[in-house]
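Have a look at the structure below before the remarks.
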4 protein chains.
Amino acid sequence: MSHNTFGHLFRLTTFGESHGPAIGCVVDGCPPGIAITREEIQTALDRRRPGQSRFTTQRREPDEVRILSGVMEDEAGVTRTTGTPIALLIENVDQRSKDYGAISDRYRPGHADFTYDTKYGLRDPRGGGRSSARETAARVAAGAIAAKVVAGVRIRGALVQIGPHEIDRTAWDWDQVGENPFFCPDPGTVEVWSDYLDSVRKRGSSTGAVVEVVAEGVPPGWGAPIYGKLDQDLASAMMSINAVKGVEIGAGFAAAVLSGEENADEMIPGNDGTPRFASNHAGGVLGGISTGQPVVVRFAVKPTSSILTPRRSITQSGEAVDVSTKGRHDPCVGIRAVPVGEAMLALVLADHALRHRGQVGAPISETGVS
Amino acid sequence: MSHNTFGHLFRLTTFGESHGPAIGCVVDGCPPGIAITREEIQTALDRRRPGQSRFTTQRREPDEVRILSGVMEDEAGVTRTTGTPIALLIENVDQRSKDYGAISDRYRPGHADFTYDTKYGLRDPRGGGRSSARETAARVAAGAIAAKVVAGVRIRGALVQIGPHEIDRTAWDWDQVGENPFFCPDPGTVEVWSDYLDSVRKRGSSTGAVVEVVAEGVPPGWGAPIYGKLDQDLASAMMSINAVKGVEIGAGFAAAVLSGEENADEMIPGNDGTPRFASNHAGGVLGGISTGQPVVVRFAVKPTSSILTPRRSITQSGEAVDVSTKGRHDPCVGIRAVPVGEAMLALVLADHALRHRGQVGAPISETGVS
Amino acid sequence: MSHNTFGHLFRLTTFGESHGPAIGCVVDGCPPGIAITREEIQTALDRRRPGQSRFTTQRREPDEVRILSGVMEDEAGVTRTTGTPIALLIENVDQRSKDYGAISDRYRPGHADFTYDTKYGLRDPRGGGRSSARETAARVAAGAIAAKVVAGVRIRGALVQIGPHEIDRTAWDWDQVGENPFFCPDPGTVEVWSDYLDSVRKRGSSTGAVVEVVAEGVPPGWGAPIYGKLDQDLASAMMSINAVKGVEIGAGFAAAVLSGEENADEMIPGNDGTPRFASNHAGGVLGGISTGQPVVVRFAVKPTSSILTPRRSITQSGEAVDVSTKGRHDPCVGIRAVPVGEAMLALVLADHALRHRGQVGAPISETGVS
Amino acid sequence: MSHNTFGHLFRLTTFGESHGPAIGCVVDGCPPGIAITREEIQTALDRRRPGQSRFTTQRREPDEVRILSGVMEDEAGVTRTTGTPIALLIENVDQRSKDYGAISDRYRPGHADFTYDTKYGLRDPRGGGRSSARETAARVAAGAIAAKVVAGVRIRGALVQIGPHEIDRTAWDWDQVGENPFFCPDPGTVEVWSDYLDSVRKRGSSTGAVVEVVAEGVPPGWGAPIYGKLDQDLASAMMSINAVKGVEIGAGFAAAVLSGEENADEMIPGNDGTPRFASNHAGGVLGGISTGQPVVVRFAVKPTSSILTPRRSITQSGEAVDVSTKGRHDPCVGIRAVPVGEAMLALVLADHALRHRGQVGAPISETGVS
């Protein structure tokens, strides 16, 4: 069962409300002996942290992470995982809950207010409680550990569309991603997005976006058939991110218009005897199992539901009311979803790396598995 | 862990290769007392069965299902579930494995041949073994039981796009879906698709498609936050279907281009005091929990990888080779994915219905839960 | 969630009622390439089969097992697992349900009749339905596969106590176990048990027993801390067997009267540099992880509840009634529990062998896990 | 998969080493609306806390628990669960790791030192790290929440044997349990144990014990057949506690010597139409499902492995060495296992209460489960 836990062998359990004392997580199943520092986790968090440009929420959280368990210094002074659960804690500092007083008895359209209230008979009006995107900080922190587990794999993400404005994929340059506030890999699109988002922000509106995350260096063989498919778990992972409404692997929905000839990724002998592929419509996954090509996942993020323009809604007692949100919010939550998508990709890969190792290889009966 | 099991409280485990003696499944966690007949399951299977038109594979499997356990006649002669696992068995009849001899040592592009071989060190060359779409018969059989568990919910599916040809959504008529070989809800599109698929079939090619499945009558409150989201499990379910490359909920990828104002589903007081929504961009799910609106899921199916046109590939020993497939195959596997998508939707809903009942309600401490 | 599934990476799902058409199971997660024949599984089943002596039930089931999936002949003609789920089917032949007519409306004391009826609102009066020990045939069949997965481990079981009569442990001879109808390792006790059981059987009574199962050759390191303990899973496995009321590891309850000095298993350097233990009070498990010593598990089986002597009970409508059982039953179900205990031990070890391989070893980040 | 998580619908994940900065847990799946205060959790912890008498370790931990998430004050000022994960944190204060310097390179007999080192390639020499009984504080804290979930059930535990000295069960008085440092229900045995433990303690030795935990008021119907048995999960729960080597339900191992007539719990019509049982050899569980009688579980705790008397062992490099432990340790860890056993019983019951609610009841198809 999963309520707040993700993964099977490499497992993430998160906790915490956006306006409670702290958020955090427990990473369970991490193999021992992996070198990881608090600073590496902090660096990942800093990438996601709000308040870094005018295009993301002005809520200021230092997001200082504390490692409570699961690591130990070895004789050489290197902090390494011990194989026990790694608990990470981030205290909440800037939880101005007064911002939310006005909407505590009404359902914000597009938010989880109504569904939480219906399900649980109560909800935390202070900033969305558990449904706040603040929970994703725990994912990013855990993702930094997962990335170390599959250190041979290079995991990167970028924003490829904001509203109607897509990047020029022929101009893709990974080095550009860190050079602008949008994780944009195409320098030519940065100004377009900047202008567009300024106009969105100024009218108190919001916009959707599309994120693409890529893993290079995944060896062939990760994943499992039927209900343990690598792409199935990737779809689950990305759809679990707040505001995500669609996920695709490789060609994705575009595959619907392709012919079999166009879609087939031809295989050719590689120089070193290993096969190469002439294209990657599959996005690195065939039959639920990695091919050795880059794993390519895209997901669509809906526009932030918190907008200034009044929308019709109802109160908890069922009366008609108009709702507009004055709190600090991102005009485009898709921007901050980039590091979250990278983290979820790392988590899925770490889990499948461990699963792969458990499932196959020389029969145990012959090796003894000592 | 899930290799071949789907679901948590309502669980499906499938088994069987396309060219072995039988396929089947075990449905575990089904509540007792639910009336279900073999004929109802058979009817669902017949809808999916190949060989029904020139647009689907000519392999002819009677797909006669046998219930091995988990049901019992009550005093009134009604067959009801007993709460114990329901095993369903479908013997394979028409497994002409000679069709596959020619491709047993070479990797078919777009197929799972290479990845299976890499992972397991062996593969079943007879028709794809476990990766064959034949496994989906077990899903459809189980889905018929799941649908009875959530009998208050109406679950239906349709094909909405074949290759470049989308339906006219304004002409959507559910009654038309059963009147053509495409599960097409728009009578005006049937001839377009028919002509298009004839041309695809005649040149030994194939094409992709998009399926839409809808559940009406889901009460608000099903699903769970964070990693137990209803839409997350739907994404996982649909992506687990063979050849699926993308999944969306509600507006899906189109949400990326919407503004917050456009995307917000405004709420208005209903006649009976319950809320209504003015639109359904959310696809019936907010914050991972059902809203009470129709749950709407779409998924993209890639073109069948088995095509006549030779494609470059390699043999198991790494030599360059051309591959073309002469076996019996669907030019558009998306057609037969419609009942599979319905089944997966039913399975996810049955699971979440049971989960919901376990998670919430009056505190156990007050009711005693006897 | 587990209703009818046992294990995590190596998973067993069973189905079938004692008086339905068939019982069987799906073994999921079995690594590929393991040589296994139908005959080996059949041999394991034959050891458990009833009707083999006057001390076990006279119900005669041929228990012919059929492999439906998951294996394939390799080029050398050896049947090997493929890594896909292995479905096993055993048709029921001798289900004389008329024997049970008399007790269909009354609760047999010590049976699950009342609890099933209370939980599910219905029960299968034909021989206990799912709660019949017949389900254990599926465990034994699956256990034969599990034993091949950990072929380096020697798994054996014996009956060590019937009623008040314990074996003389100093006379333990594994070779004797197959030479008598009791799985008794001490030839001196066979006649004592034989006389005792004859007297029990003649007066229509029954008796309890204690089973001991041992695994030699388990390498150190299997198991996991806290909630993944090897002994925890062994306790769960044995307690899941019908009629089992107690489980112990190593010294077990006797450890309660030992001092720390007596209980400590001293370690001494082994000839080959590996450690040896001077004793095995731990039963091969410390801190939930195997030590390399034999894993020793004992479990207590209560007397068969079906007895001729009338016992007070009630009917479904709550009226007082006397119940005595005239069906074919074992005077001592503990005898047939021996192969079941061996099977459960094999299942737990196979699962932990795979889990161990997934959890530890060289960091994936350094090896690439290709 | 479970490494550090226990339960299915009501789930406990623990983290933390005995000599790290903190220990704690995440309780997931707790229904909303349950009133619980920090003080109630603290009271449970105080009962388990060491340093309360000369018979338990002199390590002094205040064990102040902090609730980080999952609760909220309602309008009436009552703190209630919200349905989101409840994270509990206990900072470590008194972690005198210097006590352990002398044994950091040698394996303590009876401890998990060797197995951890073998499995993980490293271990935390500071007090056993994760294998320390300190982890059980998190279980007790979580158990306090679980007990509120099943508030209609009365859960109590007692120590029934220390070394060779059993209590007189005819003198059992629950009110006495809190009146002595042993959780002893028989006042006549207190002095016997006191004298015995003084002698054990003075010679630096230790002794085993037996704990009995009882749940009254469990309604019939909790549990599930085959691999979801209530007693199976209880066995797993108790065997997961440090130093436990045996578990029994009801008559337990004594059932092995009983006849069917003696063991049968006869049923008689109750005054109010509900059935009563004339005895409780079953310990409240038949066929894995609760009968409505008290659920009775006993478990054996081995003597503390840390003793003053030198025992033979080896170092990490395989050399012979003598080990004696001078740290602060309990002469009888069984005493402090009583509240831990109660907590595990509460956790299992809360999980099964939720599972029961999900699995059965009126078919969803008829009720709609809104």
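Residue numbering restarts at 1 in every chain; chains get A, B, ... in the order shown in the structure tokens, and ligands count up from 1 in that same order.
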Write out as a ChimeraX atom specification every residue belonging to chain D that has an atom at most 6 Å from any atom of chain A, counting only C-alpha atoms. /D:1,8,15-16,21-22,32,68-69,85,120
Keeping only N, CA, C and O atoms, write the selected residues to a file as a PDB file, in the first residue's frame.
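The result, stored in part.pdb:
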ATOM      1  N   MET D   1       7.437  -4.403   0.028  1.00  0.00           N
ATOM      2  CA  MET D   1       8.716  -4.649   0.707  1.00  0.00           C
ATOM      3  C   MET D   1       8.737  -3.972   2.070  1.00  0.00           C
ATOM      4  O   MET D   1       8.270  -2.865   2.234  1.00  0.00           O
ATOM      5  N   HIS D   8       0.201  -2.443   6.703  1.00  0.00           N
ATOM      6  CA  HIS D   8      -0.261  -2.282   5.337  1.00  0.00           C
ATOM      7  C   HIS D   8      -1.101  -1.014   5.189  1.00  0.00           C
ATOM      8  O   HIS D   8      -0.703  -0.088   4.506  1.00  0.00           O
ATOM      9  N   PHE D  15      13.042   5.230  12.102  1.00  0.00           N
ATOM     10  CA  PHE D  15      14.395   5.597  11.684  1.00  0.00           C
ATOM     11  C   PHE D  15      15.209   5.957  12.925  1.00  0.00           C
ATOM     12  O   PHE D  15      14.651   6.228  13.988  1.00  0.00           O
ATOM     13  N   GLY D  16      16.515   6.004  12.751  1.00  0.00           N
ATOM     14  CA  GLY D  16      17.369   6.517  13.809  1.00  0.00           C
ATOM     15  C   GLY D  16      18.235   5.479  14.486  1.00  0.00           C
ATOM     16  O   GLY D  16      17.821   4.347  14.697  1.00  0.00           O
ATOM     17  N   PRO D  21      21.796  11.612  16.147  1.00  0.00           N
ATOM     18  CA  PRO D  21      21.148  12.790  16.722  1.00  0.00           C
ATOM     19  C   PRO D  21      19.714  12.541  17.196  1.00  0.00           C
ATOM     20  O   PRO D  21      19.264  13.188  18.137  1.00  0.00           O
ATOM     21  N   ALA D  22      18.985  11.630  16.558  1.00  0.00           N
ATOM     22  CA  ALA D  22      17.578  11.472  16.926  1.00  0.00           C
ATOM     23  C   ALA D  22      17.056  10.143  16.417  1.00  0.00           C
ATOM     24  O   ALA D  22      17.628   9.540  15.512  1.00  0.00           O
ATOM     25  N   PRO D  32      -8.481  10.151   9.770  1.00  0.00           N
ATOM     26  CA  PRO D  32      -8.607  11.507  10.294  1.00  0.00           C
ATOM     27  C   PRO D  32      -9.593  11.573  11.460  1.00  0.00           C
ATOM     28  O   PRO D  32     -10.421  10.678  11.633  1.00  0.00           O
ATOM     29  N   LEU D  68       5.634  16.282  14.591  1.00  0.00           N
ATOM     30  CA  LEU D  68       6.038  17.193  13.512  1.00  0.00           C
ATOM     31  C   LEU D  68       4.948  17.414  12.472  1.00  0.00           C
ATOM     32  O   LEU D  68       5.007  18.366  11.706  1.00  0.00           O
ATOM     33  N   SER D  69       3.983  16.540  12.404  1.00  0.00           N
ATOM     34  CA  SER D  69       2.983  16.652  11.333  1.00  0.00           C
ATOM     35  C   SER D  69       1.797  15.752  11.615  1.00  0.00           C
ATOM     36  O   SER D  69       1.838  14.907  12.509  1.00  0.00           O
ATOM     37  N   PRO D  85       0.399  11.883   7.158  1.00  0.00           N
ATOM     38  CA  PRO D  85       1.367  11.156   7.977  1.00  0.00           C
ATOM     39  C   PRO D  85       1.748  11.903   9.246  1.00  0.00           C
ATOM     40  O   PRO D  85       1.973  13.114   9.220  1.00  0.00           O
ATOM     41  N   TYR D 120      26.398  -5.614   5.603  1.00  0.00           N
ATOM     42  CA  TYR D 120      26.555  -4.253   5.093  1.00  0.00           C
ATOM     43  C   TYR D 120      27.999  -3.845   4.857  1.00  0.00           C
ATOM     44  O   TYR D 120      28.249  -2.801   4.253  1.00  0.00           O
TER      45      TYR D 120
END
Near Arg336 in chain C, counting only C-alpha atoms, which residues have an atom at most 8 Å away, once you skip same-chain residues fewer than 3 positions from it, shown as a PyMOL selection string? chain C and resi 48-50+56+333+339-340
Distance query range 257-262 of chain B at most 10 Å, only C-alpha atoms, self and fewer than 3 positions along chain excluded, as a VMD selection string: (chain A and resid 109 to 110 161 to 166 200 204 to 210 300 to 311 331 to 332) or (chain B and resid 251 253 to 254 265 to 266 279 281)
Separation of CA of Arg54 in chain A from CA of Trp172 in chain A, in Å and rounded to one decimal: 24.3 Å
Given only C-alpha atoms as the counted atoms, nearest of C:Val93, C:Ile268, C:Ala350, C:Val296 to Ala320 in chain D: C:Ile268
From range 105-149 of chain B, collect each residue whose DSSP state is alpha helix (DSSP H) and return the set as a list in words.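 Checking each residue of range 105-149 of chain B, the alpha helix (DSSP H) ones are Asp113, Phe114, Thr115, Tyr116, Asp117, Thr118, Lys119, Tyr120, Thr136, Ala137, Ala138, Arg139, Val140, Ala141, Ala142, Gly143, Ala144, Ile145, Ala146, Ala147, Lys148 and Val149 of chain B.
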Neighbours of Ile289 in chain A within 6 Å (only C-alpha atoms; same-chain residues fewer than 2 positions away dropped), as an MDAnalysis selection string? (chainID A and resid 221:224 230 285:287) or (chainID B and resid 115)
Nearest residue to Ala144 in chain B out of B:Val65, B:Asp322, B:Gly228, B:Phe277, using only C-alpha atoms? B:Val65
Could you work out how far CA of Glu39 in chain C lies from CA of Val190 in chain C, giving the answer in Å with one decimal?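 Separation between CA of Val190 in chain C and CA of Glu39 in chain C: 29.5 Å.
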With DSSP run on the backbone, what are the strand (DSSP E or B) residues within range 112-336 of chain A? I'd like them as a count of residues only. 54
So the first atom is CA of Gly152 in chain C and the second is CA of Leu349 in chain C; what is the distance between them in Å, to one decimal place?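 Atom-to-atom, CA of Gly152 in chain C to CA of Leu349 in chain C, that is 11.1 Å.
Proximity of C:Lys202, C:Arg134, C:Arg276, C:Arg38 to Glu319 in chain D, computed with only C-alpha atoms, is greatest for C:Arg276.
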